[in-house]
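Peer 1: Structure: target.cif, mmCIF, C-alpha atoms and all ligand atoms.
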data_protein
loop_
_atom_site.group_PDB
_atom_site.id
_atom_site.type_symbol
_atom_site.label_atom_id
_atom_site.label_comp_id
_atom_site.auth_asym_id
_atom_site.auth_seq_id
_atom_site.Cartn_x
_atom_site.Cartn_y
_atom_site.Cartn_z
ATOM 1 C CA MET A 1171 150.864 232.119 86.900
ATOM 2 C CA ALA A 1172 149.257 229.179 88.652
ATOM 3 C CA HIS A 1173 151.563 226.193 88.777
ATOM 4 C CA ARG A 1174 149.892 222.971 89.698
ATOM 5 C CA TRP A 1175 151.593 220.623 92.097
ATOM 6 C CA LYS A 1176 149.709 217.388 91.724
ATOM 7 C CA ASN A 1177 152.782 215.216 91.898
ATOM 8 C CA THR A 1178 156.352 215.527 92.932
ATOM 9 C CA LEU A 1179 158.627 213.133 91.152
ATOM 10 C CA THR A 1180 162.370 213.319 91.528
ATOM 11 C CA ASP A 1181 165.078 211.877 89.337
ATOM 12 C CA ARG A 1182 165.562 209.230 91.994
ATOM 13 C CA ASP A 1183 161.943 208.099 91.584
ATOM 14 C CA VAL A 1184 162.219 208.045 87.817
ATOM 15 C CA THR A 1185 165.479 206.129 87.910
ATOM 16 C CA GLU A 1186 164.382 203.602 90.436
ATOM 17 C CA GLU A 1187 161.052 203.005 88.761
ATOM 18 C CA SER A 1188 162.679 202.195 85.428
ATOM 19 C CA VAL A 1189 165.376 200.109 87.098
ATOM 20 C CA TYR A 1190 162.595 198.211 88.801
ATOM 21 C CA LEU A 1191 160.805 197.628 85.487
ATOM 22 C CA ASN A 1192 164.053 196.570 83.869
ATOM 23 C CA ARG A 1193 164.843 194.209 86.675
ATOM 24 C CA ARG A 1194 161.431 192.619 86.292
ATOM 25 C CA GLN A 1195 162.049 192.112 82.575
ATOM 26 C CA ILE A 1196 165.525 190.716 83.149
ATOM 27 C CA MET A 1197 164.313 188.362 85.872
ATOM 28 C CA ALA A 1198 161.492 187.157 83.678
ATOM 29 C CA GLY A 1199 164.017 186.326 80.965
ATOM 30 C CA LEU A 1200 166.984 184.960 82.909
ATOM 31 C CA GLY A 1201 165.651 183.725 86.188
ATOM 32 C CA GLY A 1202 167.091 186.694 88.089
ATOM 33 C CA LEU A 1203 170.334 185.062 89.308
ATOM 34 C CA GLY A 1204 172.170 187.800 91.141
ATOM 35 C CA LEU A 1205 170.642 190.482 88.968
ATOM 36 C CA ALA A 1206 168.929 192.362 91.762
ATOM 37 C CA GLY A 1207 172.404 193.344 92.926
ATOM 38 C CA ILE A 1208 173.409 194.646 89.504
ATOM 39 C CA ALA A 1209 170.235 196.698 89.177
ATOM 40 C CA GLY A 1210 170.828 198.156 92.628
ATOM 41 C CA THR A 1211 174.314 199.290 91.678
ATOM 42 C CA THR A 1212 173.013 200.988 88.548
ATOM 43 C CA ALA A 1213 170.359 202.818 90.542
ATOM 44 C CA ARG A 1214 173.017 204.217 92.869
ATOM 45 C CA ALA A 1215 175.359 205.229 90.042
ATOM 46 C CA ALA A 1216 172.538 207.073 88.310
ATOM 47 C CA SER A 1217 171.410 208.895 91.462
ATOM 48 C CA GLU A 1218 174.682 210.118 92.945
ATOM 49 C CA ASP A 1219 176.271 213.460 91.973
ATOM 50 C CA LEU A 1220 172.762 214.920 91.686
ATOM 51 C CA GLU A 1221 173.449 217.879 93.941
ATOM 52 C CA PRO A 1222 171.473 220.703 92.272
ATOM 53 C CA ASN A 1223 173.356 223.814 91.236
ATOM 54 C CA SER A 1224 172.389 227.060 92.904
ATOM 55 C CA TRP A 1225 169.656 229.306 91.512
ATOM 56 C CA GLU A 1226 172.434 231.823 90.911
ATOM 57 C CA ASP A 1227 174.514 229.407 88.792
ATOM 58 C CA ILE A 1228 171.526 228.177 86.799
ATOM 59 C CA THR A 1229 170.209 231.658 86.001
ATOM 60 C CA SER A 1230 173.458 233.536 85.380
ATOM 61 C CA TYR A 1231 175.526 231.136 83.226
ATOM 62 C CA ASN A 1232 173.473 230.547 80.085
ATOM 63 C CA ASN A 1233 173.438 229.919 76.370
ATOM 64 C CA PHE A 1234 170.641 231.830 74.623
ATOM 65 C CA TYR A 1235 172.135 233.384 71.507
ATOM 66 C CA GLU A 1236 169.019 235.470 70.849
ATOM 67 C CA PHE A 1237 170.326 237.601 73.730
ATOM 68 C CA GLY A 1238 174.028 237.527 72.925
ATOM 69 C CA THR A 1239 176.749 234.902 72.747
ATOM 70 C CA GLY A 1240 178.437 235.513 76.124
ATOM 71 C CA LYS A 1241 177.494 233.305 79.077
ATOM 72 C CA ASP A 1242 176.339 236.325 81.085
ATOM 73 C CA ASP A 1243 174.525 238.039 78.195
ATOM 74 C CA PRO A 1244 171.168 236.235 78.573
ATOM 75 C CA ALA A 1245 170.868 237.125 82.277
ATOM 76 C CA ARG A 1246 171.614 240.750 81.401
ATOM 77 C CA ASN A 1247 169.430 241.068 78.314
ATOM 78 C CA ALA A 1248 166.549 238.586 78.415
ATOM 79 C CA HIS A 1249 164.336 240.863 80.519
ATOM 80 C CA ALA A 1250 163.435 242.478 77.157
ATOM 81 C CA LEU A 1251 161.371 239.434 76.231
ATOM 82 C CA THR A 1252 157.582 239.694 76.641
ATOM 83 C CA THR A 1253 156.330 236.278 77.731
ATOM 84 C CA SER A 1254 152.663 237.101 78.232
ATOM 85 C CA PRO A 1255 150.518 236.638 76.219
ATOM 86 C CA TRP A 1256 152.159 233.482 74.837
ATOM 87 C CA THR A 1257 150.730 230.951 72.467
ATOM 88 C CA VAL A 1258 152.140 227.686 71.198
ATOM 89 C CA LYS A 1259 151.088 226.613 67.726
ATOM 90 C CA ILE A 1260 150.722 222.854 67.516
ATOM 91 C CA ASP A 1261 150.340 221.755 63.932
ATOM 92 C CA GLY A 1262 151.215 219.226 61.274
ATOM 93 C CA MET A 1263 150.146 215.615 61.772
ATOM 94 C CA VAL A 1264 147.861 216.104 64.767
ATOM 95 C CA ASP A 1265 144.098 215.664 65.223
ATOM 96 C CA LYS A 1266 143.645 219.002 66.993
ATOM 97 C CA PRO A 1267 145.957 221.597 65.448
ATOM 98 C CA GLY A 1268 145.697 225.114 66.801
ATOM 99 C CA ASP A 1269 147.117 228.035 68.713
ATOM 100 C CA TYR A 1270 147.165 226.992 72.351
ATOM 101 C CA ALA A 1271 147.343 229.717 74.987
ATOM 102 C CA PHE A 1272 150.085 229.055 77.528
ATOM 103 C CA GLU A 1273 147.554 229.356 80.390
ATOM 104 C CA ASP A 1274 145.317 226.714 78.810
ATOM 105 C CA ILE A 1275 148.257 224.359 78.398
ATOM 106 C CA MET A 1276 149.161 224.837 82.069
ATOM 107 C CA LYS A 1277 145.587 224.085 83.143
ATOM 108 C CA ALA A 1278 145.641 220.822 81.242
ATOM 109 C CA MET A 1279 149.127 219.635 82.270
ATOM 110 C CA THR A 1280 150.516 218.229 85.506
ATOM 111 C CA VAL A 1281 153.660 220.008 86.653
ATOM 112 C CA GLU A 1282 156.226 217.871 88.462
ATOM 113 C CA GLU A 1283 159.731 218.434 89.775
ATOM 114 C CA ARG A 1284 162.500 216.684 87.835
ATOM 115 C CA ILE A 1285 166.076 216.942 89.031
ATOM 116 C CA TYR A 1286 168.140 216.323 85.905
ATOM 117 C CA ARG A 1287 171.767 216.471 84.874
ATOM 118 C CA PHE A 1288 172.282 219.030 82.121
ATOM 119 C CA ARG A 1289 175.300 218.617 79.821
ATOM 120 C CA CYS A 1290 176.229 221.251 77.248
ATOM 121 C CA VAL A 1291 178.097 220.110 74.135
ATOM 122 C CA GLU A 1292 180.805 222.599 75.228
ATOM 123 C CA ALA A 1293 181.666 220.171 78.076
ATOM 124 C CA TRP A 1294 180.238 222.027 81.057
ATOM 125 C CA SER A 1295 177.374 220.698 83.117
ATOM 126 C CA MET A 1296 174.897 221.489 85.862
ATOM 127 C CA VAL A 1297 172.184 219.751 87.840
ATOM 128 C CA VAL A 1298 168.873 221.563 87.531
ATOM 129 C CA PRO A 1299 165.684 221.064 89.582
ATOM 130 C CA TRP A 1300 163.190 221.734 86.794
ATOM 131 C CA ASN A 1301 159.455 222.027 87.123
ATOM 132 C CA GLY A 1302 157.622 220.914 84.042
ATOM 133 C CA PHE A 1303 155.257 218.490 82.377
ATOM 134 C CA GLU A 1304 155.882 215.547 80.111
ATOM 135 C CA LEU A 1305 155.949 216.509 76.460
ATOM 136 C CA ALA A 1306 154.040 213.268 75.770
ATOM 137 C CA ASP A 1307 151.036 214.655 77.670
ATOM 138 C CA LEU A 1308 150.948 217.751 75.482
ATOM 139 C CA LEU A 1309 151.354 215.719 72.276
ATOM 140 C CA ASN A 1310 148.635 213.321 73.364
ATOM 141 C CA MET A 1311 146.345 216.259 74.064
ATOM 142 C CA ALA A 1312 146.840 217.406 70.464
ATOM 143 C CA GLY A 1313 146.416 213.840 69.192
ATOM 144 C CA VAL A 1314 149.402 212.522 67.238
ATOM 145 C CA GLN A 1315 148.412 210.987 63.913
ATOM 146 C CA SER A 1316 149.716 207.576 62.901
ATOM 147 C CA GLY A 1317 152.055 208.766 60.126
ATOM 148 C CA ALA A 1318 153.988 211.170 62.365
ATOM 149 C CA LYS A 1319 157.633 210.214 62.948
ATOM 150 C CA TYR A 1320 159.303 213.406 64.204
ATOM 151 C CA VAL A 1321 158.558 216.513 66.247
ATOM 152 C CA ALA A 1322 159.862 219.912 65.124
ATOM 153 C CA PHE A 1323 160.244 222.835 67.544
ATOM 154 C CA GLU A 1324 160.641 226.545 66.954
ATOM 155 C CA THR A 1325 161.689 229.422 69.208
ATOM 156 C CA LEU A 1326 159.972 232.815 69.058
ATOM 157 C CA TYR A 1327 161.211 235.097 66.289
ATOM 158 C CA ARG A 1328 160.974 238.685 67.535
ATOM 159 C CA PRO A 1329 164.125 240.657 66.722
ATOM 160 C CA GLU A 1330 162.704 243.816 68.368
ATOM 161 C CA GLU A 1331 163.027 241.994 71.702
ATOM 162 C CA MET A 1332 165.701 239.446 70.852
ATOM 163 C CA PHE A 1333 168.497 241.616 69.519
ATOM 164 C CA GLY A 1334 170.702 238.639 68.712
ATOM 165 C CA GLN A 1335 168.300 237.768 65.887
ATOM 166 C CA LYS A 1336 169.532 240.871 64.064
ATOM 167 C CA TYR A 1337 172.901 239.142 63.606
ATOM 168 C CA PRO A 1338 173.462 236.129 61.349
ATOM 169 C CA VAL A 1339 175.045 233.976 64.070
ATOM 170 C CA LEU A 1340 172.435 231.283 63.383
ATOM 171 C CA ASP A 1341 169.630 230.915 60.869
ATOM 172 C CA TRP A 1342 166.753 232.392 62.931
ATOM 173 C CA PRO A 1343 164.426 231.340 64.407
ATOM 174 C CA TYR A 1344 166.255 228.678 66.414
ATOM 175 C CA VAL A 1345 164.797 225.288 65.490
ATOM 176 C CA GLU A 1346 165.168 221.806 66.925
ATOM 177 C CA GLY A 1347 163.779 218.337 66.438
ATOM 178 C CA LEU A 1348 163.317 214.939 68.013
ATOM 179 C CA ARG A 1349 162.291 211.553 66.772
ATOM 180 C CA LEU A 1350 158.733 210.843 67.935
ATOM 181 C CA ASP A 1351 159.814 208.083 70.345
ATOM 182 C CA GLU A 1352 162.361 210.464 71.926
ATOM 183 C CA ALA A 1353 159.679 213.137 72.248
ATOM 184 C CA MET A 1354 157.243 210.680 73.866
ATOM 185 C CA HIS A 1355 159.828 209.332 76.337
ATOM 186 C CA PRO A 1356 158.794 210.021 79.962
ATOM 187 C CA LEU A 1357 162.120 211.772 80.688
ATOM 188 C CA THR A 1358 161.384 214.419 78.018
ATOM 189 C CA ILE A 1359 159.714 217.450 79.545
ATOM 190 C CA MET A 1360 158.627 220.975 78.774
ATOM 191 C CA ALA A 1361 160.059 223.011 81.652
ATOM 192 C CA THR A 1362 158.088 225.938 83.044
ATOM 193 C CA GLY A 1363 159.931 226.466 86.316
ATOM 194 C CA ILE A 1364 163.162 226.042 88.276
ATOM 195 C CA TYR A 1365 163.316 225.571 92.057
ATOM 196 C CA GLY A 1366 159.512 225.942 92.134
ATOM 197 C CA ARG A 1367 159.663 229.440 90.684
ATOM 198 C CA GLU A 1368 158.633 230.554 87.208
ATOM 199 C CA ILE A 1369 161.385 229.848 84.711
ATOM 200 C CA PRO A 1370 163.411 233.030 84.169
ATOM 201 C CA ASN A 1371 163.573 234.524 80.681
ATOM 202 C CA GLN A 1372 167.260 233.641 80.298
ATOM 203 C CA ASN A 1373 166.418 229.954 80.822
ATOM 204 C CA GLY A 1374 163.708 229.942 78.138
ATOM 205 C CA ALA A 1375 160.475 231.398 79.531
ATOM 206 C CA PRO A 1376 157.683 230.639 79.509
ATOM 207 C CA LEU A 1377 158.323 227.075 78.353
ATOM 208 C CA ARG A 1378 161.331 225.234 76.969
ATOM 209 C CA LEU A 1379 162.171 221.688 76.044
ATOM 210 C CA VAL A 1380 164.444 219.592 78.312
ATOM 211 C CA VAL A 1381 165.890 216.322 76.986
ATOM 212 C CA PRO A 1382 168.332 215.290 79.724
ATOM 213 C CA TRP A 1383 170.242 212.591 77.803
ATOM 214 C CA LYS A 1384 171.107 214.910 74.920
ATOM 215 C CA TYR A 1385 173.500 217.837 74.632
ATOM 216 C CA GLY A 1386 171.990 221.071 75.903
ATOM 217 C CA PHE A 1387 171.439 222.675 72.514
ATOM 218 C CA LYS A 1388 168.632 220.173 71.853
ATOM 219 C CA SER A 1389 166.728 221.750 74.772
ATOM 220 C CA ILE A 1390 165.236 224.609 72.760
ATOM 221 C CA LYS A 1391 164.011 227.661 74.657
ATOM 222 C CA SER A 1392 160.930 229.906 74.506
ATOM 223 C CA VAL A 1393 159.007 227.544 72.223
ATOM 224 C CA VAL A 1394 156.181 228.942 70.062
ATOM 225 C CA ARG A 1395 155.623 226.072 67.653
ATOM 226 C CA ILE A 1396 155.545 222.297 67.826
ATOM 227 C CA SER A 1397 154.935 220.464 64.545
ATOM 228 C CA LEU A 1398 154.412 216.755 63.962
ATOM 229 C CA THR A 1399 155.970 215.584 60.720
ATOM 230 C CA ASP A 1400 157.101 212.492 58.833
ATOM 231 C CA LYS A 1401 160.504 213.981 57.893
ATOM 232 C CA GLU A 1402 163.572 214.632 60.026
ATOM 233 C CA PRO A 1403 163.312 218.334 60.873
ATOM 234 C CA PRO A 1404 166.185 220.828 60.611
ATOM 235 C CA VAL A 1405 168.270 221.584 63.723
ATOM 236 C CA SER A 1406 169.860 225.055 63.968
ATOM 237 C CA TRP A 1407 173.312 223.921 65.080
ATOM 238 C CA ASN A 1408 173.376 221.120 62.514
ATOM 239 C CA VAL A 1409 172.411 223.559 59.763
ATOM 240 C CA ALA A 1410 175.181 225.945 60.920
ATOM 241 C CA ILE A 1411 178.019 223.389 61.307
ATOM 242 C CA PRO A 1412 176.875 219.937 60.132
ATOM 243 C CA ARG A 1413 180.121 218.071 60.771
ATOM 244 C CA GLU A 1414 180.235 219.196 64.403
ATOM 245 C CA TYR A 1415 176.596 218.942 65.477
ATOM 246 C CA GLY A 1416 174.313 216.072 64.524
ATOM 247 C CA PHE A 1417 170.568 215.552 64.712
ATOM 248 C CA TYR A 1418 170.790 213.073 67.590
ATOM 249 C CA SER A 1419 173.421 214.686 69.806
ATOM 250 C CA ASN A 1420 173.090 212.096 72.533
ATOM 251 C CA VAL A 1421 175.594 212.682 75.318
ATOM 252 C CA ASN A 1422 178.348 210.160 74.616
ATOM 253 C CA PRO A 1423 181.786 210.187 76.295
ATOM 254 C CA THR A 1424 183.176 207.911 73.556
ATOM 255 C CA VAL A 1425 182.319 210.158 70.605
ATOM 256 C CA ASP A 1426 184.398 213.327 70.719
ATOM 257 C CA HIS A 1427 183.494 216.666 69.241
ATOM 258 C CA PRO A 1428 185.865 217.308 66.286
ATOM 259 C CA ARG A 1429 187.548 220.055 68.344
ATOM 260 C CA TRP A 1430 187.471 218.702 71.916
ATOM 261 C CA SER A 1431 187.012 215.594 74.032
ATOM 262 C CA GLN A 1432 183.582 214.685 75.395
ATOM 263 C CA ALA A 1433 185.010 212.214 77.945
ATOM 264 C CA THR A 1434 184.841 214.638 80.875
ATOM 265 C CA GLU A 1435 182.985 217.757 81.896
ATOM 266 C CA ARG A 1436 183.326 220.743 84.220
ATOM 267 C CA LYS A 1437 180.420 221.082 86.629
ATOM 268 C CA ILE A 1438 179.561 224.754 86.979
ATOM 269 C CA GLY A 1439 179.824 226.112 90.511
ATOM 270 C CA GLY A 1440 182.655 223.853 91.625
ATOM 271 C CA GLY A 1441 185.170 226.675 91.842
ATOM 272 C CA LEU A 1442 188.469 227.203 90.105
ATOM 273 C CA PHE A 1443 190.182 224.056 91.380
ATOM 274 C CA ALA A 1444 187.302 221.628 91.024
ATOM 275 C CA ARG A 1445 188.175 218.391 89.272
ATOM 276 C CA ARG A 1446 186.517 217.590 85.975
ATOM 277 C CA GLN A 1447 184.063 214.729 86.276
ATOM 278 C CA PRO A 1448 183.610 211.826 83.875
ATOM 279 C CA THR A 1449 180.799 212.260 81.391
ATOM 280 C CA LEU A 1450 178.268 209.447 81.611
ATOM 281 C CA MET A 1451 176.821 207.583 78.627
ATOM 282 C CA PHE A 1452 173.500 209.220 77.741
ATOM 283 C CA ASN A 1453 174.354 211.672 80.531
ATOM 284 C CA GLY A 1454 173.566 209.002 83.139
ATOM 285 C CA TYR A 1455 170.213 207.982 81.637
ATOM 286 C CA GLU A 1456 171.498 204.945 79.748
ATOM 287 C CA GLN A 1457 169.241 202.557 81.632
ATOM 288 C CA GLU A 1458 166.207 204.565 80.586
ATOM 289 C CA VAL A 1459 166.991 205.475 76.971
ATOM 290 C CA ALA A 1460 169.623 203.142 75.457
ATOM 291 C CA SER A 1461 166.936 200.911 73.945
ATOM 292 C CA LEU A 1462 165.762 203.809 71.769
ATOM 293 C CA TYR A 1463 169.019 203.414 69.831
ATOM 294 C CA ASP A 1464 169.319 199.625 69.634
ATOM 295 C CA GLY A 1465 171.313 198.649 66.567
ATOM 296 C CA MET A 1466 172.249 202.236 65.678
ATOM 297 C CA ASP A 1467 175.851 203.265 65.068
ATOM 298 C CA LEU A 1468 176.135 206.154 67.530
ATOM 299 C CA LYS A 1469 179.316 207.428 65.861
ATOM 300 C CA LYS A 1470 177.514 207.738 62.554
ATOM 301 C CA PHE A 1471 174.302 209.091 64.081
ATOM 302 C CA PHE A 1472 176.072 211.561 66.386
HETATM 303 N N1 LIG B 1501 166.305 229.351 71.395
HETATM 304 C C1 LIG B 1501 167.460 228.907 71.908
HETATM 305 N N2 LIG B 1501 167.456 227.779 72.643
HETATM 306 C C2 LIG B 1501 168.597 227.308 73.173
HETATM 307 C C3 LIG B 1501 169.837 227.982 72.947
HETATM 308 C C4 LIG B 1501 169.806 229.177 72.163
HETATM 309 O O1 LIG B 1501 170.838 229.830 71.903
HETATM 310 N N3 LIG B 1501 168.599 229.611 71.671
HETATM 311 N N4 LIG B 1501 171.012 227.467 73.461
HETATM 312 C C5 LIG B 1501 171.027 226.025 73.751
HETATM 313 C C6 LIG B 1501 172.236 225.609 74.450
HETATM 314 S S1 LIG B 1501 173.663 225.511 73.535
HETATM 315 C C7 LIG B 1501 172.218 225.220 75.758
HETATM 316 S S2 LIG B 1501 173.585 224.579 76.507
HETATM 317 C C8 LIG B 1501 171.001 225.403 76.574
HETATM 318 C C9 LIG B 1501 171.338 226.241 77.798
HETATM 319 O O2 LIG B 1501 170.264 226.254 78.689
HETATM 320 P P1 LIG B 1501 170.424 227.058 80.052
HETATM 321 O O3 LIG B 1501 170.877 228.436 79.704
HETATM 322 O O4 LIG B 1501 169.063 227.033 80.682
HETATM 323 O O5 LIG B 1501 171.451 226.329 80.856
HETATM 324 O O6 LIG B 1501 169.927 226.036 75.868
HETATM 325 C C10 LIG B 1501 169.780 225.605 74.526
HETATM 326 N N5 LIG B 1501 168.585 226.180 73.958
HETATM 327 MO MO MO B 1502 175.066 224.117 74.740
#
Would you write out, as structure tokens, the structure that this file holds?
Ligand SMILES: Nc1nc2c(c(=O)[nH]1)N[C@H]1C(S)=C(S)[C@@H](COP(=O)(O)O)O[C@H]1N2
Ligand SMILES: [Mo]
Peer 2:
Amino acid sequence: MAHRWKNTLTDRDVTEESVYLNRRQIMAGLGGLGLAGIAGTTARAASEDLEPNSWEDITSYNNFYEFGTGKDDPARNAHALTTSPWTVKIDGMVDKPGDYAFEDIMKAMTVEERIYRFRCVEAWSMVVPWNGFELADLLNMAGVQSGAKYVAFETLYRPEEMFGQKYPVLDWPYVEGLRLDEAMHPLTIMATGIYGREIPNQNGAPLRLVVPWKYGFKSIKSVVRISLTDKEPPVSWNVAIPREYGFYSNVNPTVDHPRWSQATERKIGGGLFARRQPTLMFNGYEQEVASLYDGMDLKKFF
């Protein structure tokens, strides 16, 4: 598979660019008294603790229930998945609906590196150096129509290769959804690689969503369908246990899961005696995404 390397953009670049934009807006509004210093502090806070996990950690400790519910099941079983040929159906409220071959998508998209924090709702976390393209570029290629408000995603349904789909753990296929503005946000990517290598099956080959400010289950793997709609789409974990898993699922240390605290997290790879680290609002991307939720009660829309 030919990955294209037009640009290399790290989390640091993304963070500092948006901090810069924010600072400009703030200075325009308030005269900028001492605000450069505040913006600088935020940039540092958002960029530290971004030491990527090892390839081994990232590819051996997974959630991918289509291949079993144990953390080591996907690495053991996901080799059964055939990822070529692969097509992604883009349909619903788009100008150019169709079945897009994965290779054609890759030719049209620009793959960049994005080093993101990744926070599972189960309170463990990693830092992953993804390779991927902005979902917005793919949606713009398909041409989003004016009435569209949400994006629905679907994982492959192929129980012959995904044995977990033979068990009613979830309502298969795994489905997810985003509001259109969340989907179009520049931090939202479709990942096709890790550490510059093709994304392994257990991590969601050949392409999976990554939304770094939301709990990991929003980042749906092995996507075969993307639909633009005007209604909030179903979300597998919300359908399964609605009072525990909401549509938004933004990382939020102040809104606990009904059965555990979300205030701290265990970074994978730290060893047995590693200290838990504080969970950051919007997983550390508050500066970039908080405005998407202005005026929303984040306890109600959890
Ligand atoms: N299709 C599908 N996508 C999925 C899952 C799954 O079980 N099936 N698990 C989710 C959960 S709970 C998490 S935490 C992440 C894990 O991604 P990783 O294994 O690459 O760390 O994938 C998400 N995407
Ligand atoms: Mo998760």
Peer 1: What gap, in Å, lies between CA of Gly1262 in chain A and CA of His1355 in chain A?
Peer 2: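 Computing the Euclidean distance for CA of Gly1262 in chain A and CA of His1355 in chain A yields 20.0 Å.
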Peer 1: Residues of chain A within 6 Å of ligand LIG 1501 (chain B): nearest atom pair and distance (Å, one decimal) for each, counting all atoms listed in the file, sorted by chain and number, as a tab-separated table?
Peer 2:
residue	atom	partner	partner_atom	distance
A:Asn1232	CA	B:LIG1501	O3	3.4
A:Asn1233	CA	B:LIG1501	O3	4.5
A:Phe1234	CA	B:LIG1501	O1	3.4
A:Tyr1235	CA	B:LIG1501	O1	3.8
A:Glu1236	CA	B:LIG1501	N3	5.9
A:Cys1290	CA	B:LIG1501	S2	4.3
A:Thr1325	CA	B:LIG1501	N1	5.1
A:Tyr1344	CA	B:LIG1501	N1	5.0
A:Asn1373	CA	B:LIG1501	O4	3.9
A:Gly1386	CA	B:LIG1501	S2	3.9
A:Phe1387	CA	B:LIG1501	C5	3.6
A:Ser1389	CA	B:LIG1501	N5	4.9
A:Ile1390	CA	B:LIG1501	N2	3.9
A:Lys1391	CA	B:LIG1501	N2	4.0
Peer 1: Rounded to one decimal in Å, what is the spacing between CA of Gln1447 in chain A and CA of Gln1432 in chain A?
Peer 2: 10.9 Å
Peer 1: Can you find the residues with an atom no farther than 9 Å from (175.0, 225.2, 87.3), counting only C-alpha atoms, and report them as a list in words?
Peer 2: Pro1222, Asn1223, Ser1224, Trp1225, Glu1226, Asp1227, Ile1228, Thr1229, Ser1230, Tyr1231, Phe1288, Trp1294, Ser1295, Met1296, Val1297, Val1298, Lys1437, Ile1438, Gly1439 and Gly1440 of chain A
Peer 1: Kindly give the distance, in Å, that separates CA of Pro1423 in chain A and CA of Trp1407 in chain A, rounded to a single decimal.
Peer 2: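 About the pair CA of Pro1423 in chain A and CA of Trp1407 in chain A: they are 19.7 Å apart.
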Peer 1: Can you turn the PyMOL selection byres (((chain A and resi 1354) around 10) and not hetatm) into a concrete residue list for this file, as an MDAnalysis selection string?
Peer 2: chainID A and resid 1304:1310 1321 1348:1353 1355:1359
Peer 1: Could the residues in this selection be saved with C-alpha atoms as a CSV table (one decimal), in the coordinates of the input?
Peer 2:
chain,number,residue,atom,x,y,z
A,1304,GLU,CA,155.9,215.5,80.1
A,1305,LEU,CA,155.9,216.5,76.5
A,1306,ALA,CA,154.0,213.3,75.8
A,1307,ASP,CA,151.0,214.7,77.7
A,1308,LEU,CA,150.9,217.8,75.5
A,1309,LEU,CA,151.4,215.7,72.3
A,1310,ASN,CA,148.6,213.3,73.4
A,1321,VAL,CA,158.6,216.5,66.2
A,1348,LEU,CA,163.3,214.9,68.0
A,1349,ARG,CA,162.3,211.6,66.8
A,1350,LEU,CA,158.7,210.8,67.9
A,1351,ASP,CA,159.8,208.1,70.3
A,1352,GLU,CA,162.4,210.5,71.9
A,1353,ALA,CA,159.7,213.1,72.2
A,1355,HIS,CA,159.8,209.3,76.3
A,1356,PRO,CA,158.8,210.0,80.0
A,1357,LEU,CA,162.1,211.8,80.7
A,1358,THR,CA,161.4,214.4,78.0
A,1359,ILE,CA,159.7,217.4,79.5
Peer 1: For the structure provided, state which residues fall under the PyMOL selection byres (((chain A and resi 1333) around 10) and not hetatm), and present them as a list in words.
Peer 2: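 Expected selection for the PyMOL selection byres (((chain A and resi 1333) around 10) and not hetatm) here is Tyr1235, Glu1236, Phe1237, Gly1238, Asn1247, Ala1248, Ala1250, Arg1328, Pro1329, Glu1330, Glu1331, Met1332, Gly1334, Gln1335, Lys1336 and Tyr1337 of chain A.
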Peer 1: Keeping C-alpha atoms, export the residues of the selection given above as a short mmCIF file (atom, residue, chain, number, x, y, z; two decimals), in the coordinates of the input.
Peer 2:
data_model
loop_
_atom_site.label_atom_id
_atom_site.label_comp_id
_atom_site.auth_asym_id
_atom_site.auth_seq_id
_atom_site.Cartn_x
_atom_site.Cartn_y
_atom_site.Cartn_z
CA TYR A 1235 172.14 233.38 71.51
CA GLU A 1236 169.02 235.47 70.85
CA PHE A 1237 170.33 237.60 73.73
CA GLY A 1238 174.03 237.53 72.92
CA ASN A 1247 169.43 241.07 78.31
CA ALA A 1248 166.55 238.59 78.42
CA ALA A 1250 163.44 242.48 77.16
CA ARG A 1328 160.97 238.68 67.54
CA PRO A 1329 164.12 240.66 66.72
CA GLU A 1330 162.70 243.82 68.37
CA GLU A 1331 163.03 241.99 71.70
CA MET A 1332 165.70 239.45 70.85
CA GLY A 1334 170.70 238.64 68.71
CA GLN A 1335 168.30 237.77 65.89
CA LYS A 1336 169.53 240.87 64.06
CA TYR A 1337 172.90 239.14 63.61
#
Peer 1: Which residue out of A:Ala1271, A:Val1339, A:Met1279, A:Ala1375 has the minimum interatomic distance to Thr1362 in chain A when only C-alpha atoms are used?
Peer 2: A:Ala1375
Peer 1: May I ask which of the residues A:Glu1283, A:Glu1435, A:Glu1346, A:Asp1341 is the closest one to Val1405 in chain A, counting all atoms listed in the file?
Peer 2: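 When distances to Val1405 in chain A are compared using all atoms listed in the file, the smallest one comes from A:Glu1346.
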Peer 1: Extending 8 Å beyond the listed atoms of range 1413-1432 of chain A on each side, what axis-aligned box results? I want centre and edge lengths in Å to one decimal, as JSON.
Peer 2:
{"center_x": 179.1, "center_y": 214.0, "center_z": 68.5, "size_x": 33.0, "size_y": 28.1, "size_z": 31.5}
Peer 1: Could you name the residues that touch Lys1469 in chain A at 10 Å or less, counting only C-alpha atoms, but leaving out those on the same chain fewer than 5 positions away, as a VMD selection string?
Peer 2: chain A and resid 1422 1424 to 1426
Peer 1: Compare A:Gly1454, A:Pro1448, A:Pro1403, A:Gly1240 by their minimum atom-to-atom distance to ligand MO 1502 (chain B), counting only C-alpha atoms and all ligand atoms, and give me the closest one.
Peer 2: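 Of A:Gly1454, A:Pro1448, A:Pro1403, A:Gly1240, the one nearest ligand MO 1502 (chain B) is A:Gly1240, counting only C-alpha atoms and all ligand atoms.
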Peer 1: Could you give me, as a list in words, the residues that have an atom at most 12 Å away from the point (145.8, 214.0, 71.0) in the coordinates of the file, using all atoms listed in the file?
Peer 2: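 Neighbouring residues, ordered by chain and number, come to Ile1260, Asp1261, Met1263, Val1264, Asp1265, Lys1266, Pro1267, Gly1268, Leu1305, Ala1306, Asp1307, Leu1308, Leu1309, Asn1310, Met1311, Ala1312, Gly1313, Val1314, Gln1315, Ser1316 and Leu1398 of chain A.
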